[in-house]
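Undergrad: Sharing a structure, written as structure tokens. Questions coming.
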Amino acid sequence: MTILLVNIAQILLMVLAAPMAAGIVKKMKARMQNRQGAGIFQPYRDLSKLFGKEMVLADHASWIFRAAPYIIFTSTVLAASVVPVIVVDSPFSWTADVIALAGFLAIGTFFTALAGMDIGTVFGGMGASREMTFAALAEPALLMSIFVLSVTAQSTNLSVMIHHILDAGILLKPSIAFALIAMLMVSIVENGRIPVDNPGTHLEVTMIHEAMLLEYSGRHLALIEWATQIKLVLFATLIFDLFFPWGISTAVATSALLIALGLWVFKLMLFFVLLVIMETALAKMRLFEVPQFLSTAFFLALLGMFMHYILEVGAQ
Amino acid sequence: MIHDANTWFAERLSDHGIVTSYLEDHHPAAMPCLQVRRLDWANVAEEARRHQMRFVSLWAAEAGAHDEKALYAYMAFAHPEHRHVLLRTDLNQNDPALQDIGRHYVAAVRMQRSLQDMFGIRVEGLADTRQWLKHEHWPDDAHPMRRDFPATTRMQESDGEYAFIRAEGDGVYEYPVGPVHAGIIEPGHFRFHAVGEKILNMEERLGYVHKGVEKRFEGLTAAEGVRLAGRISGDSTVAHAWAFCQACENAAYLELPAYAVTLRAILCERERMANHIGDIGAICNDGGFAFMHVQMQRLREEMARMHRDIFGHRLLMDLIVPGGVACRLSSETAAVLAEDSRRMAAEVEQLRSIYADHPSIQERVIGSGTVSVEDATSVGLLGYAGRASGVYADERVEEAYPPYDKLNVRVPRGEFGDVATRVWVRFEEVAESARLICELLQALPEGAERVEFNAPEAGISGFDAIEGWRGEIAAWVRFGRNGVIDRYAVRDPSEINWLGLELAVREVPVPDFPLNNKSFNCSYSGNDL
């Protein structure tokens with residue numbers, strides 16, 4: 001029973017802390033550029049403002065356009081609920097494995113693209129075409145990099161995989177290193193960060209993710225923005241779970257949970273610092289180079305898989 | 001440079017049997033206005049092209065004060081070794097028709113379309129007969145620049161659709177972008193034809209900020225007119241005000257004190273620095289390199305604050321007035337300004353090394369949006385857009401108006417014509433402007449900052465070309481009775497450089513358009529007037 005409560009608490013934590021995480025990233029970025037920047041709670045104010053605003057809907061918007069924000073938000077929260085944050089073996093994590101997780105994320109992407117096309121504006125269609133082109137390359141790379149670990153753990157369940165890595169001790173396997181790099185590259189694309197997409201741009205013809213959302217306003221926009229913020233924390237947590245799970249609590253005990261929480265926050269900050277350094281130091285790449293970038297990610301993951309069979313299977 | 005009257009072109013024309021007569025009521029004599037026969041109009045343009053002259057501007061004016069019935073068309077050409085020359089012909093008032101010169105100068109096509117819109121002048125043989133500045137909701141018979149069209153006229157809204165160039169074939173998409181954009185920028189419509197993400201052709205549709213500026217000038221005194229001129233395009237307020245004032249002063253035969261022209265040049269160079277600095281940052285931002293943008297914004301803001309403290313206006317508006325300038329520099333403020341310009345140039349140079357050493361932004365700018373030397377020459381691109389593509393027209397050197405006649409302006413010369421070269425030209429110009437400011441401030445002459453401006457008698461016209469930060473601004477003014485302006489025709493460099501953008505983005509991926517657009521940064525307001 002307590003573990004269920006902890007499970008619900010960690011889902012709420014991820015969902016409710018996500019806007020603050022986005023605020024922290026923005027603040028860090030501003031400081032890196034020698035700017036003051038808005039406070040870290042600004043995203044909450046933005047969201048509450050958007051929730052309170054009237055929505056403007058185009059006359060020819062169909063039910064897809066109206067339903068998409070709820071589907072995107074729900075699927076993102078569902079994805080977040082299966083990822084262990086501070087405790088493994090949580091009841092929800094047994095209900096879905098990594099393939100289902102990738103599926104939840106794909107549903108969100110799919111409906112974003114569908115909504116972009118549904119509204120029939122130029123930028124919606126343009127964004128959808130770009131997003132789908134990249135998603136088709138990103139999903140296999142994502143799964144392939146996770147599978148490197150799945151093969152080692154012989155399971156696609158996150159809790160089993162985390163236990164396996166915790167039991168194995170410090171991992172210095174080449175296969176894992178390849179998988180990690182691939183995973184990081186995919187996260188950049190999935191979250192629309194520089195150098196692939198620029199979340200802060202106002203130039204409609206350069207947009208990928210934002211282009212599909214241009215017609216959204218009010219609470220629809222708030223839900224999608226919130227989902228985007230959750231997705232960033234979700235990917236960070238997934239990377240910690242798969243590659244650096246140390247510190248995560250294996251039992252429901254107050255002290256262990258607190259340590260796990262502290263370490264999660266610490267890892268998250270470290271992740272954000274790296275993200276911000278990269279986003280400040282790099283310009284956006286040319287659009288035509290993104291498929292190459294993603295194929296590289298896929299091949300790195302594939303190499304990781306080969307490495308596993310060449311170097312690690314025989315040794316065991 | 002010696003400024004004799006430009007008889008060169010008149011001689012070249014007479015070699016080909018084209019008779020010209022010299023108009024006495026036009027100043028300065030060094031940039032003469034030659035009357036030609038209506039039938040020779042296109043031949044003159046052909047001769048100008050043959051002698052590799054650059055097309056400057058084309059405009060019309062109705063009825064001078066001394067001959068109420070006439071309608072004139074004017075065009076101006078420039079040559080690097082000779083001064084500007086203006087040509088005028090008179091048109092039939094009842095059925096004004098003009099020969100097409102777009103065959104020889106592509107940049108004239110849109111100006112001819114404007115003449116059709118604004119004056120109802122029929123251009124014979126014009127390949128592109130669509131309306132340009134006058135949009136379709138205007139009635140066909142409304143020609144707002146004609147004298148019998150009062151500025152207060154209320155019109156019936158009419159219907160119509162602009163015939164964009166259509167794309168045909170498999171997999172060719174049309175992307176309409178604008179006129180309202182996602183960012184806070186001026187309105188303009190861009191119609192892209194693209195295969196996948198690659199642009200085949202981009203067509204501009206401008207005129208959304210047409211506000212009747214030229215009509216508004218009619219009846220203003222020079223002192224009132226300069227305030228309007230300073231607002232034609234807010235980011236080049238100094239250059240536009242200078243162009244207006246100098247045209248008026250040329251018409252009135254007014255010699256300015258050395259102090260006034262020196263200060264004008266200082267203001268103009270400061271404006272050039274500020275705009276280039278801001279634009280370099282914005283170009284990097286469009287490439288997703290926000291760091292550079294923030295730094296450049298900081299420098300630009302510091303310049304604006306310095307301007308506010310010294311001159312009382314962040315953008316240096318209303319400082320240039322007919323007859324001189326409306327400000328003085330004390331020796332302390334002069335020293336502060338020189339030191340600030342030096343510091344700006346040094347900081348920009350430091351940021352430049354970061355920009356140049358950054359492969360990810362270099363990757364975006366190098367080779368993107370190339371305009372060949374051939375294309376640039378054919379269009380006659382101006383300012384940094386020209387200087388990146390082998391066209392080095394710079395009025396500070398060619399016309400060498402004071403105080404530039406005493407300075408040695410070093411013009412950067414690029415040839416690759418891509419975004420990187422345009423950025424390079426801007427970096428070079430920032431450094432050069434800082435150097436010129438320091439040089440001018442060091443030898444700040446004594447004397448009055450302003451002399452009295454008296455309007456010339458009715459019918460006198462004046463012309464000049466000033467190098468603003470975007471490029472050459474060509475201004476022509478004619479005075480009417482009671483010392484008020486009768487017609488002011490100004491050609492912002494954007495009117496020509498917009499064509500350069502269309503050439504640059506062919507074969508460029510759609511998401512690289514903003515980067516290219518910013519590297520040209522043409523004015524919408526200056527084009528639409």
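We name chains A, B, ... following the order of the structure tokens; residues begin at 1 in each chain, and ligands are numbered from 1 as shown.
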With a distance threshold of 12 Å and counting only C-alpha atoms, extract the residues of chain A near chain B and express them as an MDAnalysis selection string.

TA: chainID A and resid 29:37 121:127 129:130 133 193:208 210:211 213:215 276:289

Undergrad: Could you pull out the helix (DSSP H, G or I) residues of region 202-370 of chain B from DSSP and send them as a ChimeraX atom specification?

TA: /B:213-217,222-229,234-251,258-286,290-311,331-356,359-365

Undergrad: Please report the interatomic distance between CA of Ala385 (chain B) and CA of Glu429 (chain B) in Å with one decimal.

TA: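 Interatomic distance, CA of Ala385 (chain B) to CA of Glu429 (chain B): 12.3 Å.
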
Undergrad: Do you know which residues are at most 8 Å from Ala21 (chain A) counting only C-alpha atoms, after dropping those on the same chain fewer than 5 positions away, and could you put them as an MDAnalysis selection string?

TA: chainID A and resid 40 229 233

Undergrad: How would the residues just chosen look if you wrote them out with C-alpha atoms as a PDB file, in the first residue's frame?

TA:
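Below you can see again-v5.pdb, which holds the result:
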ATOM      1  CA  ILE A  40      12.477  29.893 -12.009  1.00  0.00           C
ATOM      2  CA  GLN A 229       8.085  20.341 -19.824  1.00  0.00           C
ATOM      3  CA  VAL A 233      12.216  15.690 -17.077  1.00  0.00           C
TER       4      VAL A 233
END

Undergrad: Would you pick out the contacts of His163 (chain A) at 12 Å or less, using only C-alpha atoms, so that residues sharing its chain but fewer than 5 positions from it are not included, and give the list as a ChimeraX atom specification?

TA: /A:84,87-89,149-150,152-155,157-158,168-169,241-251

Undergrad: B:Arg49, B:Glu204, B:Ser236, B:Ala393: which is nearest Leu315 (chain B), counting only C-alpha atoms?

TA: B:Ser236

Undergrad: Which distance in Å separates CA of His51 (chain B) and CA of Val373 (chain B), to one decimal?

TA: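 CA of Val373 (chain B) lies 17.5 Å from CA of His51 (chain B).
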
Undergrad: Just want the 12 Å neighbourhood of Leu257 (chain A), counted on only C-alpha atoms, with same-chain residues fewer than 2 positions away dropped. Output as a list of chain:residue names.

TA: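 Counting only C-alpha atoms, the residues come to A:Ile3, A:Val6, A:Asn7, A:Ala9, A:Gln10, A:Val85, A:Ile86, A:Val87, A:Val88, A:Gly247, A:Ile248, A:Ser249, A:Thr250, A:Ala251, A:Val252, A:Ala253, A:Thr254, A:Ser255, A:Ile259, A:Ala260, A:Leu261, A:Gly262, A:Leu263, A:Trp264.
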
Undergrad: What lies within 10 Å of Leu316 (chain B) using only C-alpha atoms, ignoring chain neighbours under 2 positions off, as a PyMOL selection string?

TA: chain B and resi 230+234-238+267-268+270-271+304+307-308+310-314+318-320

Undergrad: If you run DSSP on the backbone, which residues of region 147-295 of chain B are strand (DSSP E or B), as a list of chain:residue names?

TA: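 Residues of region 147-295 of chain B classed as strand (DSSP E or B): B:Val172, B:Tyr173, B:Glu174, B:Tyr175, B:Pro176, B:Val177, B:His189, B:Phe190, B:Arg191, B:Phe192, B:His193, B:Ala194, B:Val195, B:Lys198, B:Ile199, B:Leu200, B:Asn201, B:Met202, B:Glu203, B:Glu204, B:Arg205.
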
Undergrad: Store the residues picked out above in a file with N, CA and C atoms, as a PDB file, in the first residue's frame.

TA:
ATOM      1  N   VAL B 172       5.836  20.092 -56.036  1.00  0.00           N
ATOM      2  CA  VAL B 172       6.170  21.490 -55.780  1.00  0.00           C
ATOM      3  C   VAL B 172       5.100  22.084 -54.865  1.00  0.00           C
ATOM      4  N   TYR B 173       5.527  22.643 -53.776  1.00  0.00           N
ATOM      5  CA  TYR B 173       4.602  23.213 -52.815  1.00  0.00           C
ATOM      6  C   TYR B 173       4.696  24.722 -52.853  1.00  0.00           C
ATOM      7  N   GLU B 174       3.599  25.371 -52.503  1.00  0.00           N
ATOM      8  CA  GLU B 174       3.634  26.814 -52.299  1.00  0.00           C
ATOM      9  C   GLU B 174       3.447  27.075 -50.819  1.00  0.00           C
ATOM     10  N   TYR B 175       4.364  27.819 -50.242  1.00  0.00           N
ATOM     11  CA  TYR B 175       4.211  28.226 -48.850  1.00  0.00           C
ATOM     12  C   TYR B 175       3.931  29.722 -48.802  1.00  0.00           C
ATOM     13  N   PRO B 176       2.735  30.126 -48.440  1.00  0.00           N
ATOM     14  CA  PRO B 176       2.534  31.554 -48.211  1.00  0.00           C
ATOM     15  C   PRO B 176       2.986  31.921 -46.797  1.00  0.00           C
ATOM     16  N   VAL B 177       3.848  32.889 -46.673  1.00  0.00           N
ATOM     17  CA  VAL B 177       4.342  33.299 -45.354  1.00  0.00           C
ATOM     18  C   VAL B 177       4.097  34.793 -45.193  1.00  0.00           C
ATOM     19  N   HIS B 189       4.723  39.915 -47.396  1.00  0.00           N
ATOM     20  CA  HIS B 189       4.322  38.556 -47.752  1.00  0.00           C
ATOM     21  C   HIS B 189       5.398  37.903 -48.613  1.00  0.00           C
ATOM     22  N   PHE B 190       5.710  36.678 -48.301  1.00  0.00           N
ATOM     23  CA  PHE B 190       6.668  35.921 -49.098  1.00  0.00           C
ATOM     24  C   PHE B 190       5.985  34.661 -49.598  1.00  0.00           C
ATOM     25  N   ARG B 191       6.050  34.441 -50.907  1.00  0.00           N
ATOM     26  CA  ARG B 191       5.446  33.243 -51.466  1.00  0.00           C
ATOM     27  C   ARG B 191       6.588  32.332 -51.911  1.00  0.00           C
ATOM     28  N   PHE B 192       6.696  31.205 -51.215  1.00  0.00           N
ATOM     29  CA  PHE B 192       7.765  30.264 -51.531  1.00  0.00           C
ATOM     30  C   PHE B 192       7.252  29.161 -52.438  1.00  0.00           C
ATOM     31  N   HIS B 193       8.040  28.819 -53.408  1.00  0.00           N
ATOM     32  CA  HIS B 193       7.806  27.578 -54.151  1.00  0.00           C
ATOM     33  C   HIS B 193       8.929  26.651 -53.737  1.00  0.00           C
ATOM     34  N   ALA B 194       8.567  25.495 -53.220  1.00  0.00           N
ATOM     35  CA  ALA B 194       9.610  24.625 -52.707  1.00  0.00           C
ATOM     36  C   ALA B 194       9.343  23.191 -53.096  1.00  0.00           C
ATOM     37  N   VAL B 195      10.419  22.467 -53.308  1.00  0.00           N
ATOM     38  CA  VAL B 195      10.335  21.021 -53.469  1.00  0.00           C
ATOM     39  C   VAL B 195      10.878  20.442 -52.172  1.00  0.00           C
ATOM     40  N   LYS B 198      13.442  22.580 -50.152  1.00  0.00           N
ATOM     41  CA  LYS B 198      14.355  23.408 -50.946  1.00  0.00           C
ATOM     42  C   LYS B 198      13.568  24.455 -51.723  1.00  0.00           C
ATOM     43  N   ILE B 199      13.986  25.711 -51.603  1.00  0.00           N
ATOM     44  CA  ILE B 199      13.267  26.795 -52.265  1.00  0.00           C
ATOM     45  C   ILE B 199      13.625  26.822 -53.753  1.00  0.00           C
ATOM     46  N   LEU B 200      12.577  26.786 -54.593  1.00  0.00           N
ATOM     47  CA  LEU B 200      12.807  26.950 -56.029  1.00  0.00           C
ATOM     48  C   LEU B 200      12.790  28.430 -56.369  1.00  0.00           C
ATOM     49  N   ASN B 201      11.823  29.116 -55.786  1.00  0.00           N
ATOM     50  CA  ASN B 201      11.633  30.511 -56.101  1.00  0.00           C
ATOM     51  C   ASN B 201      10.910  31.176 -54.939  1.00  0.00           C
ATOM     52  N   MET B 202      11.245  32.418 -54.693  1.00  0.00           N
ATOM     53  CA  MET B 202      10.540  33.159 -53.658  1.00  0.00           C
ATOM     54  C   MET B 202      10.087  34.465 -54.255  1.00  0.00           C
ATOM     55  N   GLU B 203       8.821  34.768 -54.075  1.00  0.00           N
ATOM     56  CA  GLU B 203       8.297  36.012 -54.620  1.00  0.00           C
ATOM     57  C   GLU B 203       7.854  36.911 -53.477  1.00  0.00           C
ATOM     58  N   GLU B 204       8.269  38.164 -53.543  1.00  0.00           N
ATOM     59  CA  GLU B 204       7.899  39.104 -52.496  1.00  0.00           C
ATOM     60  C   GLU B 204       6.638  39.852 -52.893  1.00  0.00           C
ATOM     61  N   ARG B 205       5.819  40.107 -51.892  1.00  0.00           N
ATOM     62  CA  ARG B 205       4.661  40.967 -52.104  1.00  0.00           C
ATOM     63  C   ARG B 205       4.726  42.007 -51.000  1.00  0.00           C
TER      64      ARG B 205
END

Undergrad: When you look at Ala29 (chain B) with a cut-off of 12 Å (counting only C-alpha atoms), what residues show up, excluding the ones that are within fewer than 2 positions of it in the same chain? I need them as a PyMOL selection string.

TA: chain B and resi 3-7+22-27+31-34+83-86+250-251+253+461-464

Undergrad: With distances taken over only C-alpha atoms, which residue among A:Ile119, A:Leu270, A:Ile239, A:Val56 lies nearest Ile146 (chain A)?

TA: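 Nearest to Ile146 (chain A): A:Ile239.
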
Undergrad: Rounded to one decimal, what separation in Å do you get between CA of Arg481 (chain B) and CA of Phe453 (chain B)?

TA: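 Spanning CA of Arg481 (chain B) to CA of Phe453 (chain B) is a straight-line distance of 15.8 Å.
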
Undergrad: Using only C-alpha atoms, which of B:Phe427, B:Phe9, B:Phe55, B:Trp242 sits nearest Ala346 (chain B)?

TA: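 Checking each of B:Phe427, B:Phe9, B:Phe55, B:Trp242 against Ala346 (chain B), counting only C-alpha atoms, the winner is B:Phe427.
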